[in-house]
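Below is upload-v8.cif, which holds mmCIF, C-alpha atoms and all ligand atoms.
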data_run
#
loop_
_atom_site.label_atom_id
_atom_site.label_comp_id
_atom_site.auth_asym_id
_atom_site.auth_seq_id
_atom_site.Cartn_x
_atom_site.Cartn_y
_atom_site.Cartn_z
CA MET A 315 113.07 63.84 164.34
CA ASN A 316 111.73 62.06 161.25
CA LEU A 317 113.67 62.64 158.05
CA THR A 318 112.92 61.61 154.48
CA ILE A 319 115.45 61.72 151.68
CA LEU A 320 114.58 64.00 148.76
CA THR A 321 115.20 62.38 145.37
CA TYR A 322 115.90 63.75 141.89
CA PRO A 323 114.18 65.66 140.27
CA ASP A 324 112.95 67.33 143.49
CA LYS A 325 113.70 71.06 143.06
CA ARG A 326 114.40 71.46 146.76
CA LEU A 327 117.75 69.71 146.13
CA LYS A 328 118.79 72.78 144.11
CA GLN A 329 118.68 75.18 147.08
CA VAL A 330 121.96 76.73 148.21
CA SER A 331 122.62 75.81 151.84
CA LYS A 332 123.41 78.36 154.55
CA ASN A 333 126.09 78.41 157.25
CA ILE A 334 125.41 77.33 160.83
CA THR A 335 125.99 80.12 163.33
CA VAL A 336 124.49 78.62 166.50
CA PHE A 337 125.69 75.16 167.60
CA ASN A 338 122.75 74.24 169.80
CA GLU A 339 120.76 71.13 170.68
CA SER A 340 118.59 71.39 167.58
CA ILE A 341 121.71 71.04 165.40
CA HIS A 342 122.82 68.02 167.46
CA LYS A 343 119.37 66.45 167.02
CA LEU A 344 119.52 67.03 163.27
CA LEU A 345 123.02 65.45 163.08
CA ASP A 346 121.85 62.39 165.05
CA ALA A 347 118.75 61.98 162.89
CA MET A 348 120.84 62.36 159.72
CA ASN A 349 123.19 59.60 160.92
CA LYS A 350 120.25 57.27 161.60
CA THR A 351 118.75 58.01 158.16
CA MET A 352 122.11 57.47 156.41
CA LEU A 353 122.73 54.11 158.12
CA GLU A 354 119.18 52.88 157.44
CA SER A 355 119.59 53.78 153.74
CA ASN A 356 123.04 52.13 153.41
CA GLY A 357 124.71 55.46 152.66
CA ILE A 358 128.29 56.54 153.26
CA GLY A 359 127.57 60.25 152.99
CA LEU A 360 124.62 62.60 153.44
CA ALA A 361 124.17 66.37 153.19
CA ALA A 362 121.47 68.14 155.25
CA ILE A 363 119.82 69.48 152.08
CA GLN A 364 119.06 65.85 151.10
CA VAL A 365 116.71 65.68 154.09
CA ASN A 366 115.26 69.12 153.32
CA HIS A 367 117.44 71.18 155.68
CA PRO A 368 119.34 73.70 153.50
CA LEU A 369 122.22 74.07 155.97
CA ASN A 370 125.97 73.64 155.46
CA ILE A 371 126.14 70.26 157.20
CA LEU A 372 127.37 66.94 155.86
CA ILE A 373 128.07 63.62 157.48
CA LEU A 374 130.27 60.77 156.29
CA ASN A 375 130.94 57.21 157.35
CA ILE A 376 133.60 55.75 155.07
CA PRO A 377 133.70 51.92 155.10
CA ASP A 378 136.94 50.09 156.04
CA SER A 379 138.91 47.85 153.64
CA GLU A 380 136.38 45.05 154.30
CA GLY A 381 133.51 47.35 153.33
CA GLU A 382 132.25 47.56 156.93
CA GLN A 383 131.06 50.82 158.51
CA HIS A 384 131.83 51.60 162.16
CA PRO A 385 129.95 54.16 164.30
CA ASP A 386 133.38 55.46 165.48
CA ASN A 387 134.20 56.51 161.92
CA LEU A 388 131.27 58.93 161.66
CA MET A 389 132.44 62.41 160.62
CA GLU A 390 130.29 65.49 161.17
CA ILE A 391 131.38 68.42 159.00
CA ILE A 392 129.78 71.84 159.38
CA ASN A 393 130.48 75.00 157.30
CA PRO A 394 133.23 73.32 155.21
CA VAL A 395 135.53 75.43 153.02
CA VAL A 396 138.06 73.91 150.58
CA ILE A 397 141.43 75.60 151.14
CA LYS A 398 143.55 73.36 148.87
CA LYS A 399 142.82 70.90 146.05
CA GLU A 400 145.25 68.81 144.01
CA GLY A 401 145.41 66.08 141.37
CA GLN A 402 142.68 64.25 139.55
CA THR A 403 140.84 60.98 140.16
CA THR A 404 137.78 59.16 138.80
CA TYR A 405 135.32 57.12 140.84
CA GLN A 406 131.99 55.46 140.10
CA GLU A 407 129.69 57.55 142.28
CA GLY A 408 126.15 57.05 143.47
CA CYS A 409 123.85 59.21 145.60
CA LEU A 410 120.97 58.52 147.99
CA SER A 411 119.04 61.24 146.13
CA VAL A 412 119.60 59.51 142.77
CA PRO A 413 118.83 55.90 143.78
CA GLY A 414 119.95 53.05 141.54
CA PHE A 415 122.22 55.08 139.25
CA TYR A 416 126.03 55.01 139.32
CA GLU A 417 128.44 56.70 136.94
CA ASP A 418 132.11 57.71 136.73
CA VAL A 419 132.80 61.23 137.97
CA GLU A 420 136.07 63.19 137.90
CA ARG A 421 137.19 64.82 141.16
CA PHE A 422 140.31 66.31 142.74
CA GLU A 423 142.47 63.55 144.18
CA THR A 424 143.10 65.35 147.47
CA VAL A 425 141.38 68.24 149.23
CA THR A 426 142.12 70.14 152.40
CA ILE A 427 139.13 71.68 154.16
CA ASN A 428 138.48 73.91 157.11
CA TYR A 429 135.24 73.09 158.92
CA GLN A 430 133.53 73.16 162.30
CA ASP A 431 132.48 70.25 164.49
CA ARG A 432 129.10 70.02 166.29
CA TYR A 433 130.37 72.26 169.10
CA GLY A 434 131.60 74.98 166.72
CA ASN A 435 135.30 74.11 167.11
CA THR A 436 137.30 74.87 163.95
CA LYS A 437 139.24 71.99 162.38
CA THR A 438 141.42 71.30 159.34
CA LEU A 439 141.27 68.02 157.44
CA ASP A 440 143.57 66.65 154.73
CA ALA A 441 141.51 64.15 152.74
CA THR A 442 142.60 61.58 150.14
CA GLY A 443 141.00 58.51 148.57
CA LEU A 444 137.28 57.84 149.06
CA LEU A 445 137.08 60.40 151.89
CA SER A 446 138.25 63.16 149.52
CA ILE A 447 135.75 62.09 146.85
CA ALA A 448 132.90 61.88 149.37
CA ILE A 449 133.67 65.36 150.76
CA GLN A 450 133.60 66.86 147.24
CA HIS A 451 130.35 64.99 146.40
CA GLU A 452 128.65 66.22 149.59
CA MET A 453 129.97 69.78 149.25
CA ASP A 454 128.40 69.91 145.76
CA HIS A 455 125.02 69.22 147.46
CA LEU A 456 125.55 72.32 149.62
CA LYS A 457 125.75 74.40 146.43
CA GLY A 458 122.58 72.74 145.07
CA ASN A 459 124.44 70.46 142.64
CA LEU A 460 124.13 66.72 142.05
CA PHE A 461 126.85 64.43 140.61
CA ILE A 462 124.77 63.85 137.46
CA GLU A 463 125.37 67.51 136.55
CA LYS A 464 129.08 66.70 136.11
CA LEU A 465 128.41 64.03 133.45
CA SER A 466 129.13 64.53 129.75
CA TYR A 467 126.12 65.32 127.52
CA ALA A 468 125.97 61.71 126.28
CA ARG A 469 126.12 60.21 129.78
CA ARG A 470 123.56 62.69 131.08
CA LYS A 471 121.16 61.57 128.29
CA LYS A 472 121.81 57.93 129.23
CA PHE A 473 121.02 58.82 132.85
CA GLU A 474 117.75 60.64 132.02
CA LYS A 475 116.56 57.66 129.96
CA GLU A 476 117.48 55.00 132.54
CA TYR A 477 116.19 57.01 135.51
CA LYS A 478 112.81 57.80 133.89
CA LYS A 479 112.39 54.12 133.02
CA ALA A 480 113.20 53.11 136.62
CA LEU A 481 110.71 55.69 138.02
CA LYS A 482 107.96 54.35 135.75
CA GLU A 483 108.63 50.75 136.78
CA LYS A 484 108.48 51.73 140.47
CA ASN A 485 105.02 53.30 140.04
CA ILE A 486 103.23 50.29 138.44
C1 LIG B 501 128.18 59.93 148.20
O1 LIG B 501 126.67 58.20 148.38
C2 LIG B 501 129.40 59.29 147.60
O2 LIG B 501 121.85 54.47 144.48
C3 LIG B 501 127.44 59.05 149.15
O3 LIG B 501 120.31 52.66 145.71
C4 LIG B 501 129.30 58.51 146.46
O4 LIG B 501 126.03 57.05 150.17
C5 LIG B 501 130.62 59.48 148.16
C6 LIG B 501 123.25 54.71 147.83
C7 LIG B 501 130.44 57.93 145.92
C8 LIG B 501 131.74 58.91 147.61
C9 LIG B 501 131.65 58.12 146.49
C10 LIG B 501 123.04 54.94 146.50
C11 LIG B 501 122.47 53.78 148.48
C12 LIG B 501 124.26 55.44 148.61
C13 LIG B 501 122.06 54.24 145.78
C14 LIG B 501 125.93 57.22 148.98
C15 LIG B 501 121.27 53.32 146.45
C16 LIG B 501 121.47 53.09 147.78
C17 LIG B 501 125.02 56.45 148.12
CO CO B 502 124.68 62.65 147.05
#
Do you think you could lay out the structure here as structure tokens?
Ligand code: QAP
Ligand code: CO
Amino acid sequence: MNLTILTYPDKRLKQVSKNITVFNESIHKLLDAMNKTMLESNGIGLAAIQVNHPLNILILNIPDSEGEQHPDNLMEIINPVVIKKEGQTTYQEGCLSVPGFYEDVERFETVTINYQDRYGNTKTLDATGLLSIAIQHEMDHLKGNLFIEKLSYARRKKFEKEYKKALKEKNI
């Protein structure tokens, strides 16, 4: 399966993703292809909608304290639902669909989610730190939202200006 990452301002990123009801081989193939695409693009998180599959699937591979990623740390999260959220934290976020732009975003400090694994088994996860931030970032994708939509008016203007300039320079 060959996947390409959609980038802003592609309207397909605004689609609302749908739940998975059948946990078959085609879902496993999509998950494996998403993992390959994420690793090749130096990502730590990817939602299926970013590769043009509007399904409630996200994957994460949070780096260790040395900044290294390990295949064992891959998380596959299907049909996530936030059941608890607490506190407040700010982190300089980026996104594979908004390449080259990073900005501070406010998130809940901790979230608890219910989700399903690739076999359809239901799980609960208590997330803190970067994992919590990444889950919230990726779950926004499932609703058709990008992190730039959470910026203040002034920072959003700064983004539009910088991003348009970068797009122009790429197309020389
Ligand atoms: C989402 O983001 C995230 O601009 C995952 O040129 C962000 O993997 C979770 C990336 C912040 C938690 C905190 C971005 C790669 C990767 C770029 C990513 C780029 C190359 C972003
Ligand atoms: Co993203």
Please write out the residues within 9 Å of ligand LIG 501 (chain B) as number ranges by chain, counting all atoms listed in the file.
-> A: 352, 355-361, 374-376, 405-416, 419, 444-452, 461
Atom CA of Lys484 of chain A to atom CA of His367 of chain A: how many Å, to one decimal?
-> 26.3 Å
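One distance worth recording is that between atom CA of Gly443 of chain A and atom CA of Gln402 of chain A, which is 10.8 Å.
The gap separating atom CA of Lys350 of chain A from atom CA of Thr438 of chain A is 25.5 Å, in Å to one decimal.
Minimum atom-to-atom distance to Pro385 of chain A, evaluated using all atoms listed in the file, belongs to A:Asn349 out of A:Thr318, A:Thr426, A:Asn349, A:Asn459.
Nearest residue to ligand CO 502 (chain B) among A:Asn316, A:Gln364, A:Asn338, A:Asn333 is A:Gln364, counting all atoms listed in the file.
Comparing the minimum interatomic distances between ligand CO 502 (chain B) and each of A:Ile363, A:Leu353, A:Leu388, A:Leu481, counting only C-alpha atoms and all ligand atoms, we find that A:Ile363 sits nearest.
Using all atoms listed in the file, the nearest neighbour of ligand CO 502 (chain B) within the list A:Glu420, A:Glu463, A:Glu382, A:Asp346 is A:Glu463.
Within 9 Å of the point (131.1, 74.6, 167.0), and counting all atoms listed in the file, the protein, DNA and RNA residues are Ile334, Thr335, Val336, Phe337, Asn338, Ile392, Gln430, Asp431, Arg432, Tyr433, Gly434, Asn435 and Thr436 of chain A.
Shortest separation to ligand CO 502 (chain B) among A:Val396, A:Ala468, A:Ile462, A:Ile371 occurs at residue A:Ile462, atoms counted being only C-alpha atoms and all ligand atoms.
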Can you write out as JSON lines which residues of segment 368-412 of chain A fall within 12 Å of segment 439-442 of chain A, alongside each residue's closest atom pair and its distance in Å to one decimal, counting all atoms listed in the file and ordering rows by chain and ascending residue number?
{"residue": "A:Ile376", "atom": "CA", "partner": "A:Ala441", "partner_atom": "CA", "distance": 11.8}
{"residue": "A:Met389", "atom": "CA", "partner": "A:Leu439", "partner_atom": "CA", "distance": 10.9}
{"residue": "A:Glu390", "atom": "CA", "partner": "A:Leu439", "partner_atom": "CA", "distance": 11.9}
{"residue": "A:Ile391", "atom": "CA", "partner": "A:Leu439", "partner_atom": "CA", "distance": 10.0}
{"residue": "A:Pro394", "atom": "CA", "partner": "A:Leu439", "partner_atom": "CA", "distance": 9.9}
{"residue": "A:Val395", "atom": "CA", "partner": "A:Leu439", "partner_atom": "CA", "distance": 10.4}
{"residue": "A:Val396", "atom": "CA", "partner": "A:Leu439", "partner_atom": "CA", "distance": 9.6}
{"residue": "A:Ile397", "atom": "CA", "partner": "A:Leu439", "partner_atom": "CA", "distance": 9.9}
{"residue": "A:Lys398", "atom": "CA", "partner": "A:Asp440", "partner_atom": "CA", "distance": 8.9}
{"residue": "A:Lys399", "atom": "CA", "partner": "A:Ala441", "partner_atom": "CA", "distance": 9.6}
{"residue": "A:Glu400", "atom": "CA", "partner": "A:Thr442", "partner_atom": "CA", "distance": 9.8}
{"residue": "A:Gly401", "atom": "CA", "partner": "A:Thr442", "partner_atom": "CA", "distance": 10.2}
{"residue": "A:Gln402", "atom": "CA", "partner": "A:Thr442", "partner_atom": "CA", "distance": 10.9}
{"residue": "A:Thr403", "atom": "CA", "partner": "A:Thr442", "partner_atom": "CA", "distance": 10.2}
Preceding selection exported with C-alpha atoms as a PDB file, in the coordinates of the input:
ATOM      1  CA  ILE A 376     133.600  55.750 155.070  1.00  0.00           C
ATOM      2  CA  MET A 389     132.440  62.410 160.620  1.00  0.00           C
ATOM      3  CA  GLU A 390     130.290  65.490 161.170  1.00  0.00           C
ATOM      4  CA  ILE A 391     131.380  68.420 159.000  1.00  0.00           C
ATOM      5  CA  PRO A 394     133.230  73.320 155.210  1.00  0.00           C
ATOM      6  CA  VAL A 395     135.530  75.430 153.020  1.00  0.00           C
ATOM      7  CA  VAL A 396     138.060  73.910 150.580  1.00  0.00           C
ATOM      8  CA  ILE A 397     141.430  75.600 151.140  1.00  0.00           C
ATOM      9  CA  LYS A 398     143.550  73.360 148.870  1.00  0.00           C
ATOM     10  CA  LYS A 399     142.820  70.900 146.050  1.00  0.00           C
ATOM     11  CA  GLU A 400     145.250  68.810 144.010  1.00  0.00           C
ATOM     12  CA  GLY A 401     145.410  66.080 141.370  1.00  0.00           C
ATOM     13  CA  GLN A 402     142.680  64.250 139.550  1.00  0.00           C
ATOM     14  CA  THR A 403     140.840  60.980 140.160  1.00  0.00           C
TER      15      THR A 403
END
Find the residue from A:Ile341, A:Phe473, A:Glu354, A:Leu327 that sits nearest to ligand CO 502 (chain B); use only C-alpha atoms and all ligand atoms when measuring.
-> A:Leu327
